[in-house]
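Trainee: There's a structure below that I have some questions on.
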Amino acid sequence: MSSTSTAPVTTATLAVPDGRLHYEVRGRGRLVALVAAPMDAGAFAPLADLLAADHTVLTTDPRGINRSLLHDPHQDSTPQLRADDVARLIAHLDAGPAAVLGSSGGAVTVLALAQAHPDRAHTVIAHEPPLIGLLDDREDRFAREDAMITTYLAGDRLGAGRQFLANANIELPEPVVLGMFGGEPAPQAAADEHFQYVHMIRGTTRFQPDVTALRKGPTRVVVGLGEESTGQVCDLTSRALAEALGTAPTMFPGGHIGFVEDPKRFADRLREVLAEG
């Protein structure tokens, strides 16, 4: 997605050992970082604009996606490497410790951040992490995920998209499915999609959180869940993670990408959650 920002934005890059990260900063105040995977910084622009009224807001393209370039474009993107990136960005801004919201694959990133870099985040909100390894039927879902990637690599983008939705327990009208997966994406979108399928999905869904470390560590860990995600795989994984942590999911408006669907309501809820910490 392209940025539709209305708040003043500082755009820059940060060199890391194996590449260069694109990041954007808005606003003033306590630092909030918004991270996703595979979505880039543009997806968070409306939410970041709202939060910038009373926070410094950091957004970034995850490694290997859009403007965050790797020296080796065939290198896998793991939650641990993405967590290192977020930690470096927070340190670079010298504005931490931060509150960090992670969405989907980014939710797995923030769990890895809390484990490896607890000094960089006082609060992490893992909004709908697709931690399939926490489910009883994980082996079947992993096998279907492998089949989906095989389908994609065989050139059947629509078939892979249908398999993705089925494995995620997401039902969409046929015109929406065709709109998402039926055409030929723009070159950058195609490159990002390929990177996601080949270098990001497996490491993200197979990540095993260190529940003991998360429970005992200094970082507050919140498991976020969309009110409209009932029955979807990320509803199941979020509830499984919350149960393992001895907490309950914290509900947010909308579904898996509620921050895109209704950024105002999502921002209001996020402020409430941060105020509870």
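As shown in the structure tokens, the chain order sets the letters A, B, ...; within each chain, residues go from 1, and ligands are also counted from 1 in the order they appear.
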Sort by chain and increasing residue number a table of all residues of range 191-253 of chain A within 12 Å of range 56-69 of chain A, each with its closest pair of atoms and their distance in Å to one decimal, counting only C-alpha atoms, and write it as a tab-separated table.
Mentor:
```
residue	atom	partner	partner_atom	distance
A:Ala191	CA	A:Ile65	CA	8.0
A:Asp192	CA	A:Ile65	CA	5.4
A:Glu193	CA	A:Ile65	CA	8.7
A:His194	CA	A:Ile65	CA	9.8
A:Phe195	CA	A:Gly64	CA	7.0
A:Gln196	CA	A:Ile65	CA	8.2
A:Tyr197	CA	A:Ile65	CA	11.8
A:Val198	CA	A:Gly64	CA	11.2
A:His199	CA	A:Gly64	CA	8.8
A:Met200	CA	A:Gly64	CA	9.2
```
Trainee: The selected residues should be written to file as a CSV table (one decimal), in the first residue's frame (atoms: all heavy atoms).
Mentor:
```
chain,number,residue,atom,x,y,z
A,191,ALA,N,7.1,-8.7,-6.4
A,191,ALA,CA,8.3,-9.1,-5.7
A,191,ALA,C,8.1,-9.3,-4.2
A,191,ALA,O,8.6,-10.2,-3.7
A,191,ALA,CB,9.4,-8.0,-6.0
A,192,ASP,N,7.3,-8.4,-3.6
A,192,ASP,CA,7.0,-8.6,-2.2
A,192,ASP,C,6.2,-9.9,-1.9
A,192,ASP,O,6.5,-10.6,-0.9
A,192,ASP,CB,6.2,-7.4,-1.7
A,192,ASP,CG,7.0,-6.1,-1.7
A,192,ASP,OD1,8.3,-6.2,-1.8
A,192,ASP,OD2,6.4,-5.0,-1.5
A,193,GLU,N,5.3,-10.2,-2.8
A,193,GLU,CA,4.5,-11.4,-2.7
A,193,GLU,C,5.4,-12.6,-2.8
A,193,GLU,O,5.3,-13.6,-2.0
A,193,GLU,CB,3.4,-11.5,-3.7
A,193,GLU,CG,2.5,-12.7,-3.6
A,193,GLU,CD,1.4,-12.6,-4.7
A,193,GLU,OE1,1.8,-12.9,-5.9
A,193,GLU,OE2,0.3,-12.2,-4.4
A,194,HIS,N,6.3,-12.6,-3.7
A,194,HIS,CA,7.2,-13.8,-3.9
A,194,HIS,C,8.1,-13.9,-2.7
A,194,HIS,O,8.3,-15.0,-2.2
A,194,HIS,CB,8.1,-13.5,-5.1
A,194,HIS,CG,9.0,-14.7,-5.4
A,194,HIS,ND1,10.3,-14.8,-4.9
A,194,HIS,CD2,8.8,-15.8,-6.2
A,194,HIS,CE1,10.8,-15.9,-5.3
A,194,HIS,NE2,10.0,-16.5,-6.1
A,195,PHE,N,8.6,-12.8,-2.1
A,195,PHE,CA,9.4,-12.9,-0.9
A,195,PHE,C,8.6,-13.4,0.2
A,195,PHE,O,9.2,-14.2,1.0
A,195,PHE,CB,10.0,-11.5,-0.6
A,195,PHE,CG,11.0,-11.4,0.5
A,195,PHE,CD1,12.3,-11.7,0.2
A,195,PHE,CD2,10.6,-11.2,1.8
A,195,PHE,CE1,13.3,-11.7,1.3
A,195,PHE,CE2,11.5,-11.2,2.8
A,195,PHE,CZ,12.9,-11.4,2.6
A,196,GLN,N,7.4,-13.0,0.4
A,196,GLN,CA,6.6,-13.5,1.4
A,196,GLN,C,6.4,-15.0,1.4
A,196,GLN,O,6.6,-15.7,2.4
A,196,GLN,CB,5.2,-12.8,1.4
A,196,GLN,CG,4.2,-13.4,2.4
A,196,GLN,CD,2.8,-13.0,2.1
A,196,GLN,OE1,2.5,-12.4,1.1
A,196,GLN,NE2,1.9,-13.4,3.0
A,197,TYR,N,6.0,-15.5,0.2
A,197,TYR,CA,5.8,-16.9,0.1
A,197,TYR,C,7.1,-17.8,0.3
A,197,TYR,O,7.0,-18.8,1.0
A,197,TYR,CB,5.2,-17.3,-1.3
A,197,TYR,CG,3.7,-17.2,-1.5
A,197,TYR,CD1,3.1,-16.1,-2.1
A,197,TYR,CD2,2.9,-18.1,-0.9
A,197,TYR,CE1,1.8,-16.0,-2.3
A,197,TYR,CE2,1.5,-18.1,-1.1
A,197,TYR,CZ,1.0,-17.0,-1.7
A,197,TYR,OH,-0.4,-16.9,-1.9
A,198,VAL,N,8.2,-17.3,-0.3
A,198,VAL,CA,9.4,-18.1,-0.3
A,198,VAL,C,10.2,-17.9,0.9
A,198,VAL,O,10.9,-18.9,1.4
A,198,VAL,CB,10.2,-17.8,-1.6
A,198,VAL,CG1,11.5,-18.6,-1.6
A,198,VAL,CG2,9.3,-18.1,-2.8
A,199,HIS,N,10.3,-16.7,1.5
A,199,HIS,CA,11.3,-16.4,2.5
A,199,HIS,C,10.7,-15.9,3.8
A,199,HIS,O,11.5,-15.7,4.8
A,199,HIS,CB,12.2,-15.3,2.0
A,199,HIS,CG,13.0,-15.7,0.8
A,199,HIS,ND1,13.9,-16.7,0.8
A,199,HIS,CD2,13.0,-15.2,-0.5
A,199,HIS,CE1,14.5,-16.8,-0.4
A,199,HIS,NE2,13.9,-16.0,-1.2
A,200,MET,N,9.4,-15.8,4.0
A,200,MET,CA,8.8,-15.3,5.2
A,200,MET,C,7.8,-16.1,5.9
A,200,MET,O,7.8,-16.3,7.1
A,200,MET,CB,8.2,-13.9,4.9
A,200,MET,CG,7.7,-13.1,6.1
A,200,MET,SD,7.0,-11.5,5.7
A,200,MET,CE,8.4,-10.6,5.2
```
Trainee: From the options A:Leu225, A:Ala7, A:Val177, A:Val233, which residue's atoms come nearest to Gly254 in chain A, counting only C-alpha atoms?
Mentor: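 Among the listed residues, A:Leu225 lies closest to Gly254 in chain A.
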Trainee: According to DSSP computed on the backbone, where in range 29-156 of chain A is there strand (DSSP E or B)? Give the residues as number ranges by chain.
Mentor: A: 30-37, 55-60, 69-70, 98-104, 121-127
Trainee: Could you tell me which of A:His22, A:His127, A:Arg239, A:His55 comes closest to Pro253 in chain A if we count only C-alpha atoms?
Mentor: A:His127
Trainee: Give me the residues near Arg120 in chain A as JSON, numbers by chain, where near means some atom within 12 Å (using only C-alpha atoms) and where sequence neighbours in that chain fewer than 2 positions away do not count.
Mentor: {"A": [31, 32, 33, 83, 84, 85, 86, 87, 88, 89, 90, 91, 92, 93, 94, 95, 96, 97, 98, 99, 100, 110, 112, 113, 114, 115, 116, 117, 118, 122, 123, 124, 218, 219, 220]}
Trainee: What's the 10 Å shell around Leu178 in chain A, counting only C-alpha atoms, without same-chain residues fewer than 4 positions away, as a list in words?
Mentor: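 Counting only C-alpha atoms, the residues come to Leu158, Gly161, Arg162, Leu172, Pro173, Glu174, Gly182 and Gly183 of chain A.
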Trainee: If you measure from CA of Leu51 in chain A to CA of Glu24 in chain A, what distance in Å do you get, rounded to one decimal?
Mentor: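 Atom-to-atom, CA of Leu51 in chain A and CA of Glu24 in chain A are spaced 13.5 Å apart.
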Trainee: Near Asp262 in chain A, within 12 Å and counting only C-alpha atoms, which residues show up once chain neighbours fewer than 6 positions away are dropped, as a list in words?
Mentor: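 Contacts, with the query itself left out: Phe44, Pro46, Leu47, Leu50, Gly226, Phe252, Pro253, Gly254, Gly255, His256, Asp268 and Arg269 of chain A.
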Trainee: Interatomic distance between CA of Leu21 in chain A and CA of Ala189 in chain A?
Mentor: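 About the pair CA of Leu21 in chain A and CA of Ala189 in chain A: they are 17.6 Å apart.
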Trainee: Which residues are close to Ile170 in chain A, i.e. within 9 Å by only C-alpha atoms, leaving aside same-chain residues fewer than 2 positions away? Reply as a compact mmCIF listing (two decimals) with N, CA and C atoms, in the first residue's frame.
Mentor:
```txt
# COMPACT_ATOMS: atom_id res chain seq x y z
N PHE A 164 -4.37 -20.24 0.71
CA PHE A 164 -4.05 -19.37 1.84
C PHE A 164 -5.31 -19.04 2.64
N LEU A 165 -6.36 -18.62 1.95
CA LEU A 165 -7.60 -18.26 2.64
C LEU A 165 -8.21 -19.46 3.35
N ALA A 166 -8.16 -20.63 2.71
CA ALA A 166 -8.73 -21.83 3.33
C ALA A 166 -7.97 -22.19 4.60
N ASN A 167 -6.64 -22.10 4.55
CA ASN A 167 -5.83 -22.45 5.72
C ASN A 167 -6.00 -21.43 6.84
N ALA A 168 -6.37 -20.19 6.46
CA ALA A 168 -6.58 -19.14 7.45
C ALA A 168 -8.01 -19.11 7.97
N LEU A 172 -14.31 -15.33 1.75
CA LEU A 172 -14.54 -14.07 1.07
C LEU A 172 -15.40 -14.31 -0.16
N SER A 229 -12.83 -11.40 14.04
CA SER A 229 -11.99 -12.49 13.55
C SER A 229 -12.41 -13.87 14.04
N GLY A 231 -13.31 -17.45 14.68
CA GLY A 231 -13.23 -18.66 13.88
C GLY A 231 -12.07 -18.70 12.91
N GLN A 232 -11.45 -17.57 12.64
CA GLN A 232 -10.30 -17.56 11.76
C GLN A 232 -9.09 -18.15 12.47
N VAL A 233 -8.09 -18.58 11.72
CA VAL A 233 -6.96 -19.25 12.34
C VAL A 233 -6.24 -18.32 13.32
```
Trainee: Choose the residue, out of A:Pro8, A:Gly217, A:Pro73, A:Pro209, that has the smallest atom-to-atom separation from Ala126 in chain A; count only C-alpha atoms.
Mentor: A:Pro209
Trainee: What lies within 9 Å of Asp210 in chain A using only C-alpha atoms, ignoring chain neighbours under 2 positions off, as a compact mmCIF listing (two decimals) with all heavy atoms, in the first residue's frame?
Mentor:
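Here's the written file selection-v8.txt:
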```
# COMPACT_ATOMS: atom_id res chain seq x y z
N LEU A 111 6.89 -10.46 19.52
CA LEU A 111 7.14 -11.47 20.55
C LEU A 111 8.64 -11.79 20.61
O LEU A 111 9.21 -11.91 21.70
CB LEU A 111 6.34 -12.73 20.26
CG LEU A 111 4.81 -12.59 20.33
CD1 LEU A 111 4.14 -13.86 19.83
CD2 LEU A 111 4.37 -12.28 21.76
N ALA A 112 9.26 -11.93 19.44
CA ALA A 112 10.70 -12.16 19.40
C ALA A 112 11.46 -10.97 19.96
O ALA A 112 12.50 -11.12 20.62
CB ALA A 112 11.14 -12.43 17.96
N GLN A 115 11.42 -11.12 23.73
CA GLN A 115 12.31 -12.17 24.23
C GLN A 115 13.78 -11.74 24.16
O GLN A 115 14.54 -11.94 25.12
CB GLN A 115 12.13 -13.45 23.41
CG GLN A 115 10.79 -14.13 23.63
CD GLN A 115 10.59 -15.36 22.76
OE1 GLN A 115 9.49 -15.88 22.66
NE2 GLN A 115 11.64 -15.87 22.13
N GLN A 208 8.40 -20.56 17.56
CA GLN A 208 7.96 -21.07 18.86
C GLN A 208 8.28 -20.05 19.94
O GLN A 208 9.44 -19.88 20.32
CB GLN A 208 8.68 -22.40 19.17
CG GLN A 208 8.24 -23.55 18.29
CD GLN A 208 6.83 -24.02 18.60
OE1 GLN A 208 6.34 -23.86 19.71
NE2 GLN A 208 6.17 -24.60 17.61
N THR A 212 7.78 -18.96 28.85
CA THR A 212 8.33 -18.67 30.18
C THR A 212 9.05 -17.33 30.18
O THR A 212 8.87 -16.51 31.09
CB THR A 212 9.29 -19.79 30.61
OG1 THR A 212 8.58 -21.02 30.66
CG2 THR A 212 9.88 -19.49 31.98
N ALA A 213 9.86 -17.08 29.17
CA ALA A 213 10.58 -15.82 29.08
C ALA A 213 9.62 -14.65 28.94
O ALA A 213 9.82 -13.58 29.54
CB ALA A 213 11.56 -15.85 27.92
N LEU A 214 8.57 -14.83 28.15
CA LEU A 214 7.60 -13.76 27.97
C LEU A 214 6.83 -13.47 29.25
O LEU A 214 6.53 -12.32 29.56
CB LEU A 214 6.63 -14.12 26.84
CG LEU A 214 7.24 -14.17 25.44
CD1 LEU A 214 6.23 -14.72 24.44
CD2 LEU A 214 7.71 -12.79 24.99
N ARG A 215 6.52 -14.52 30.00
CA ARG A 215 5.76 -14.32 31.25
C ARG A 215 6.62 -13.68 32.33
O ARG A 215 6.14 -12.85 33.10
CB ARG A 215 5.22 -15.66 31.75
CG ARG A 215 4.16 -16.27 30.86
CD ARG A 215 3.61 -17.57 31.42
NE ARG A 215 2.82 -17.37 32.63
CZ ARG A 215 2.08 -18.30 33.21
NH1 ARG A 215 2.02 -19.52 32.67
NH2 ARG A 215 1.39 -18.06 34.29
```
Trainee: To one decimal in Å, tell me the separation between CA of Val222 in chain A and CA of Leu245 in chain A.
Mentor: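 CA of Leu245 in chain A lies at a distance of 9.5 Å from CA of Val222 in chain A.
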Trainee: With only C-alpha atoms as the basis for distance, which of A:Ser238, A:Thr205, A:Ala160, A:Ala52 is at the shortest distance from Arg30 in chain A?
Mentor: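 With only C-alpha atoms as the atom set, the closest residue is A:Ala52.
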Trainee: Counting only C-alpha atoms, figure out which residue out of A:Gln163, A:Ala121, A:Tyr23, A:Ala15 gets nearest to Arg141 in chain A.
Mentor: A:Gln163
Trainee: Which residue out of A:Arg138, A:Arg20, A:His74, A:Arg157 has the minimum interatomic distance to Phe181 in chain A when only C-alpha atoms are used?
Mentor: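 Once distances to Phe181 in chain A are computed over only C-alpha atoms, the minimum belongs to A:Arg157.
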